[in-house]
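Working notes, structure below.
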Amino acid sequence: CYWPDDDQWYKGTVADKLDDDRFWVSYDDGDEGEININEDKWRRSSKPKTQQDEQKRARVDKLRLGSRIAVYFPHEKEYYAGSLTKKRVASSQKGPHRIKYDDGDEEWTDLFFRKFKRIAKKSDQLEVGSRVAVYDEKRNKNYHATVVKIKSERARPHKVKYDKESRGKEWLNLHVHPFLVMMVEWD
């Protein structure tokens with residue numbers, strides 16, 4: 001995209017389609033922002049395929065109907081869980097993948113150009129009182145907790161109370177946040 005204030009072109013990748021004219025772009029310098037293809041000055045870059053592109057294509061091609069995934073929405077800085085419900089040949093108007101999100105929204109998108117991760121189905125089976133070990137990526141450690149509330153309409157539907165009092169309570173999306181189900185043994 002061209003920035004007239006800087007009189008310079010900046011390279012980036014379309015991270016999300018907001019509507020027919022607006023896109024969210026992640027720039028190579030780390031910035032992010034919205035562009036309108038009818039109002040902003042932009043051009044398509046022709047960069048060669050990389051090994052990383054080939055690996056991502058293989059990940060996307062492995063997805064099957066019913067696969068559980070979490071798609072990242074960069075403008076919201078949030079992953080949303082859903083299921084792959086249809087696949088087809090890509091068209092210029094719509095992507096080849098139909099995602100039905102857990103919050104009821106649906107969209108056609110091209111997962112090759114989206115940040116996503118596969119998620120396990122077991123998070124659907126959580127209930128109030130379930131014991132989990134929540135993974136903290138920064139500390140590379142699991143923290144034991146209990147699910148104390150579930151509100152499926154929320155972006156982060158699981159409220160957990162940690163055993164370690166200093167961690168308190170936190171709303172998480174355990175559909176996408178790494179966790180382990182803790183087994184309870186009875187005497």
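Ligands are numbered from 1 in the order shown, chains are lettered A, B, ... in the order of the structure tokens, and residues start at 1 in each chain.
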Neighbours of A:His175 within 12 Å (only C-alpha atoms; same-chain residues fewer than 3 positions away dropped), as a ChimeraX atom specification? /A:68-71,79-83,101-103,117-126,134,150,152,154-158,172,178-180
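Close contacts of A:Lys161, defined as residues with an atom at most 6 Å away when counting only C-alpha atoms, with chain neighbours fewer than 6 positions off set aside, comprise Ala145, Thr146, Gly168 and Lys169 of chain A.
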Export of prior selection with N, CA, C and O atoms as an mmCIF file, in the first residue's frame:
```cif
data_model
loop_
_atom_site.group_PDB
_atom_site.id
_atom_site.type_symbol
_atom_site.label_atom_id
_atom_site.label_comp_id
_atom_site.auth_asym_id
_atom_site.auth_seq_id
_atom_site.Cartn_x
_atom_site.Cartn_y
_atom_site.Cartn_z
ATOM 1 N N ALA A 145 -6.922 -25.482 37.168
ATOM 2 C CA ALA A 145 -8.064 -24.591 37.346
ATOM 3 C C ALA A 145 -9.357 -25.384 37.258
ATOM 4 O O ALA A 145 -9.370 -26.540 36.836
ATOM 5 N N THR A 146 -10.443 -24.722 37.637
ATOM 6 C CA THR A 146 -11.785 -25.288 37.533
ATOM 7 C C THR A 146 -12.631 -24.357 36.679
ATOM 8 O O THR A 146 -12.585 -23.137 36.844
ATOM 9 N N GLY A 168 -6.000 -15.942 40.280
ATOM 10 C CA GLY A 168 -7.399 -15.515 40.317
ATOM 11 C C GLY A 168 -8.288 -16.237 39.329
ATOM 12 O O GLY A 168 -8.170 -17.441 39.118
ATOM 13 N N LYS A 169 -9.200 -15.467 38.707
ATOM 14 C CA LYS A 169 -10.145 -15.996 37.728
ATOM 15 C C LYS A 169 -9.889 -15.308 36.393
ATOM 16 O O LYS A 169 -9.372 -14.195 36.348
#
```
Residues of stretch 72-105 of chain A that have any atom at most 9 Å from an atom of stretch 24-37 of chain A: could you tabulate them with the shortest-distance atom pair and the distance in Å to one decimal, using only C-alpha atoms, ordered by chain and increasing number, as a tab-separated table?
```
residue	atom	partner	partner_atom	distance
A:Phe73	CA	A:Trp24	CA	8.9
A:Pro74	CA	A:Trp24	CA	7.4
A:His75	CA	A:Trp24	CA	6.9
```
Shell around A:Lys159 at 6 Å using only C-alpha atoms, local window under 5 positions removed, as a list in words: Val147, Val148, Lys149, Glu170 and Trp171 of chain A
A:Lys100, A:Lys86, A:Lys77, A:Arg139: which is nearest A:Leu63, counting only C-alpha atoms? A:Lys86
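In this model, the gap between atom CA of A:Arg44 and atom CA of A:Val89 comes to 21.5 Å.
Picture a line from atom CA of A:Ser67 to atom CA of A:Arg88; it runs 15.1 Å.
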Test item, strand (DSSP E or B) assignment across chain A, answer as an NGL selection string: :A and (2-3 or 8-9 or 12-17 or 22-27 or 32-36 or 68-73 or 78-87 or 97-101 or 106-109 or 116-118 or 131-136 or 141-150 or 158-162 or 169-172 or 179-181)
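Omitting A:Val60 and its sequence neighbours fewer than 6 positions away, and counting only C-alpha atoms, the residues within 10 Å are Glu54, His97, Asp110, Leu111, Phe112, Phe113 and Phe116 of chain A.
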Just N, CA and C atoms for this one: save the residues we selected as an mmCIF file, in the first residue's frame.
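Everything below was put into result_6.cif:
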```cif
data_model
loop_
_atom_site.group_PDB
_atom_site.id
_atom_site.type_symbol
_atom_site.label_atom_id
_atom_site.label_comp_id
_atom_site.auth_asym_id
_atom_site.auth_seq_id
_atom_site.Cartn_x
_atom_site.Cartn_y
_atom_site.Cartn_z
ATOM 1 N N GLU A 54 4.448 -23.386 0.901
ATOM 2 C CA GLU A 54 4.149 -24.785 0.580
ATOM 3 C C GLU A 54 3.682 -25.543 1.829
ATOM 4 N N HIS A 97 -13.307 -21.937 1.320
ATOM 5 C CA HIS A 97 -13.627 -22.603 2.584
ATOM 6 C C HIS A 97 -14.793 -21.915 3.284
ATOM 7 N N ASP A 110 -10.527 -17.875 2.360
ATOM 8 C CA ASP A 110 -9.426 -18.698 1.876
ATOM 9 C C ASP A 110 -8.446 -18.853 3.032
ATOM 10 N N LEU A 111 -8.428 -20.028 3.632
ATOM 11 C CA LEU A 111 -7.599 -20.256 4.819
ATOM 12 C C LEU A 111 -6.102 -20.165 4.527
ATOM 13 N N PHE A 112 -5.723 -20.231 3.260
ATOM 14 C CA PHE A 112 -4.314 -20.052 2.936
ATOM 15 C C PHE A 112 -3.840 -18.659 3.328
ATOM 16 N N PHE A 113 -4.740 -17.674 3.259
ATOM 17 C CA PHE A 113 -4.380 -16.296 3.563
ATOM 18 C C PHE A 113 -4.812 -15.872 4.959
ATOM 19 N N PHE A 116 -4.725 -19.442 11.242
ATOM 20 C CA PHE A 116 -5.665 -20.341 11.914
ATOM 21 C C PHE A 116 -4.893 -21.456 12.599
#
```
